[in-house]
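Encoded as structure tokens, the structure appears first; notes follow it.
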Amino acid sequence: MDLDHLPKDFVWGASTASYQIEGAVEEDGRGPSVWDTFTARPGTVRDGHTGAVACDHYHRYEEDLALMAEAGLTGYRFSIAWPRVLPTGAGQVNARGLDFYDRLVDGLLARGIEPVPTLFHWDLPQALEDEGGWTNRDTAHRFAEYTAIVADRLGDRVRRWITLNEPFVHMVWGYGLGVHAPGRALFLDALPVAHHQLLAHGLASGELRARGLEVMIANNCTPVWPASDSAGDRAAADAYDTLHNRLFNDPLLKGTYPDLSAYGADATLGGSVKDGDLDLISAPLDALGINYYNPTRIQAPTSEGLPFEEDPIEGYRRTAFDWPVVPDGLRELLVTLKDRYPALPPVHITENGCSTDGAIHDPDRIDYLATHLQAVDAAIAQGVDVRGYFTWTLLDNFEWAEGYHQRFGLVHVDHETQLRTPRSSFTWYRDLIREQRRG
């Protein structure tokens, strides 16, 4: 496979998240998270699944480290469970929780794999949600305190840190629509959640910088396609692009928020932006993480409410999650970001992958990965500085509101026995990494 434009030190990785794989939710002092509370409510997750056991990674991490080494990964993106470190979100540190990540980091380094931790991948301590969660500005300050604690423990061995994962998705699905934890349906009143998450990033960045560490954030982004060339569809697409992409990239890369007037006079950040906040948020990044799955096609709304309406994308193969497979959308997205933001830092693809039918032989996933990596290579040829690729995901996991029904893993997991079985895509990815590293 021709990937002639990838740099020699390109990072070959896989990504996971704490609540989706760790399990052990009541062990060694871990406090409850919003996902523990959410999944305990009937009807929130398909078939009542929870992450209480998940992939039992907390106990089986050595087995999973061996799989990463076998795959030849040079980077592993994982997340740290805030309630495992600070059971109530602040105050007393749970040493046993930090010990787990200490062991994990040492195990990665012993195998020549760079640890790339994400500090927040949606599992907010429930005690902080009880005080308002991300609608409360104080949560950003608690996040900075948590960041300092973790960085003090692991920063002697971990160079590169990701503050937040997909603040757009967490705001919309967790606080706007209530489909994810914490399950609040605030609609446009959820907009202050955007600012408080970005402020948390800015405050945490200061803590990381003070310790000589590198700072990233992982944003979910999508190319936005108007359903037609009509003025209405183009205006709707612009409005959606503003919400999904620009609301979370403009403050980081331009130091300003985009115009939200398309959403009406009541669509504001609720006075949550204080003097100096945007200076913290727009401090230079060492790299920007981009999570990409598919484009979004938008048309003018056919009813009152939001200033856009999603229009299904037809004519492409679809994943088991019914998402369209559009590899060139990744190239389009990366080039758009480069053109939109002259100060765009180096980029890492921090998530990209697909759900399949769960079979061990998974040619659809191999094709998905191959074509998306070719899209990355094409973006580099067009001048985008892309330095790494972390596929989603290493293991079949707890896929949020879908429970265990969506299978994204390079490794099949039998969630009854916890037996791990590498798929054909695992072998393909291993062989590709070997080939690329040989040069």
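Residue numbering restarts at 1 for every chain of the structure tokens, chains are lettered A, B, ... in their displayed order, and ligands are numbered from 1 as they appear.
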Go through segment 60-172 of chain A residue by residue and, counting only C-alpha atoms, keep those with an atom at most 10 Å from segment 256-279 of chain A; for each kept residue give the shortest atom pair and its distance in Å to one decimal, ordered by chain and increasing number, as a Markdown table.
| residue | atom | partner | partner_atom | distance |
| --- | --- | --- | --- | --- |
| A:Thr135 | CA | A:Ser272 | CA | 9.4 |
| A:Asn136 | CA | A:Ser272 | CA | 9.3 |
| A:Arg137 | CA | A:Ser272 | CA | 7.6 |
Original post:
Do you know which residues are at most 9 Å from Ile217 of chain A counting only C-alpha atoms, after dropping those on the same chain fewer than 5 positions away, and could you put them as a list of chain:residue names?
Top reply: A:Thr118, A:Trp161, A:Ile162, A:Thr163, A:Leu164, A:Asn165, A:Glu166, A:His201, A:Leu285, A:Ala287, A:Leu288, A:Gly289, A:Ile290
**OP:** Would you list the contacts of Glu435 of chain A as a list in words, taking every protein, DNA or RNA residue within 12 Å and counting only C-alpha atoms, but skipping same-chain residues closer than 2 positions in sequence?
**Re:**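 Close residues of Glu435 of chain A: Met1, Asp2, Leu3, Asp4, Lys8, Trp12, Gly72, Trp428, Tyr429, Arg430, Asp431, Leu432, Ile433, Arg437, Arg438 and Gly439 of chain A.
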**OP:** Please provide the set of residues having any atom within 7 Å of Val376 of chain A, restricted to only C-alpha atoms, with same-chain residues fewer than 3 positions apart removed, written as a list in words.
**Re:**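 Counting only C-alpha atoms, the residues come to Leu330, Arg331, His372, Leu373, Ala379 and Ile380 of chain A.
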Subject >> Non-local contacts of Phe187 of chain A (9 Å; only C-alpha atoms; under 3 positions in same chain excluded) as an MDAnalysis selection string >> reply: chainID A and resid 172 175:178 184 190:191
Distance query Asp36 of chain A at most 8 Å, only C-alpha atoms, self and fewer than 4 positions along chain excluded, as a PDB file with N, CA, C and O atoms, in the first residue's frame:
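Wrote part25.pdb, looks like this:
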ATOM      1  N   VAL A  25     -15.605  -1.119  38.564  1.00  0.00           N
ATOM      2  CA  VAL A  25     -16.117   0.211  38.903  1.00  0.00           C
ATOM      3  C   VAL A  25     -16.258   0.431  40.408  1.00  0.00           C
ATOM      4  O   VAL A  25     -16.377   1.583  40.847  1.00  0.00           O
ATOM      5  N   PRO A  32     -18.140   6.629  42.047  1.00  0.00           N
ATOM      6  CA  PRO A  32     -19.078   6.503  40.918  1.00  0.00           C
ATOM      7  C   PRO A  32     -18.914   7.641  39.924  1.00  0.00           C
ATOM      8  O   PRO A  32     -18.622   8.784  40.293  1.00  0.00           O
ATOM      9  N   ALA A  40     -27.478   2.751  35.251  1.00  0.00           N
ATOM     10  CA  ALA A  40     -28.352   2.120  36.256  1.00  0.00           C
ATOM     11  C   ALA A  40     -29.818   2.489  36.034  1.00  0.00           C
ATOM     12  O   ALA A  40     -30.707   1.847  36.610  1.00  0.00           O
ATOM     13  N   THR A  50     -24.042  -2.347  30.918  1.00  0.00           N
ATOM     14  CA  THR A  50     -23.282  -1.345  31.670  1.00  0.00           C
ATOM     15  C   THR A  50     -21.795  -1.604  31.468  1.00  0.00           C
ATOM     16  O   THR A  50     -21.391  -2.650  30.938  1.00  0.00           O
ATOM     17  N   GLY A  51     -20.993  -0.664  31.915  1.00  0.00           N
ATOM     18  CA  GLY A  51     -19.540  -0.838  31.866  1.00  0.00           C
ATOM     19  C   GLY A  51     -18.960  -1.375  33.156  1.00  0.00           C
ATOM     20  O   GLY A  51     -17.761  -1.224  33.409  1.00  0.00           O
ATOM     21  N   ALA A  52     -19.790  -2.010  33.978  1.00  0.00           N
ATOM     22  CA  ALA A  52     -19.320  -2.475  35.287  1.00  0.00           C
ATOM     23  C   ALA A  52     -18.153  -3.446  35.163  1.00  0.00           C
ATOM     24  O   ALA A  52     -17.236  -3.457  36.002  1.00  0.00           O
TER      25      ALA A  52
END
Original post:
Got a sec: who's within 8 Å of Val224 of chain A, counting only C-alpha atoms, leaving out chain neighbours fewer than 3 positions off, as a ChimeraX atom specification?
Top reply: /A:237-238,240-241,295-298
Emit the selected residues as a PDB file, in the first residue's frame, including N, CA, C and O atoms.
ATOM      1  N   ALA A 237     -26.082  24.394   6.398  1.00  0.00           N
ATOM      2  CA  ALA A 237     -24.791  23.731   6.529  1.00  0.00           C
ATOM      3  C   ALA A 237     -23.804  24.610   7.290  1.00  0.00           C
ATOM      4  O   ALA A 237     -23.036  24.123   8.130  1.00  0.00           O
ATOM      5  N   ASP A 238     -23.816  25.902   7.012  1.00  0.00           N
ATOM      6  CA  ASP A 238     -22.935  26.823   7.753  1.00  0.00           C
ATOM      7  C   ASP A 238     -23.278  26.828   9.242  1.00  0.00           C
ATOM      8  O   ASP A 238     -22.388  26.859  10.096  1.00  0.00           O
ATOM      9  N   TYR A 240     -24.657  24.408  10.956  1.00  0.00           N
ATOM     10  CA  TYR A 240     -24.211  23.161  11.583  1.00  0.00           C
ATOM     11  C   TYR A 240     -22.690  23.131  11.741  1.00  0.00           C
ATOM     12  O   TYR A 240     -22.168  22.704  12.774  1.00  0.00           O
ATOM     13  N   ASP A 241     -21.972  23.573  10.727  1.00  0.00           N
ATOM     14  CA  ASP A 241     -20.515  23.629  10.797  1.00  0.00           C
ATOM     15  C   ASP A 241     -20.074  24.486  11.980  1.00  0.00           C
ATOM     16  O   ASP A 241     -19.117  24.158  12.691  1.00  0.00           O
ATOM     17  N   PRO A 295     -18.630  12.273   7.050  1.00  0.00           N
ATOM     18  CA  PRO A 295     -19.174  13.612   6.831  1.00  0.00           C
ATOM     19  C   PRO A 295     -20.619  13.699   7.329  1.00  0.00           C
ATOM     20  O   PRO A 295     -21.243  12.679   7.679  1.00  0.00           O
ATOM     21  N   THR A 296     -21.150  14.916   7.319  1.00  0.00           N
ATOM     22  CA  THR A 296     -22.544  15.149   7.681  1.00  0.00           C
ATOM     23  C   THR A 296     -23.193  15.974   6.580  1.00  0.00           C
ATOM     24  O   THR A 296     -22.671  17.021   6.192  1.00  0.00           O
ATOM     25  N   ARG A 297     -24.319  15.495   6.080  1.00  0.00           N
ATOM     26  CA  ARG A 297     -25.059  16.192   5.025  1.00  0.00           C
ATOM     27  C   ARG A 297     -26.228  16.938   5.669  1.00  0.00           C
ATOM     28  O   ARG A 297     -26.979  16.353   6.464  1.00  0.00           O
ATOM     29  N   ILE A 298     -26.357  18.223   5.334  1.00  0.00           N
ATOM     30  CA  ILE A 298     -27.304  19.091   6.026  1.00  0.00           C
ATOM     31  C   ILE A 298     -28.211  19.795   5.019  1.00  0.00           C
ATOM     32  O   ILE A 298     -27.758  20.249   3.963  1.00  0.00           O
TER      33      ILE A 298
END
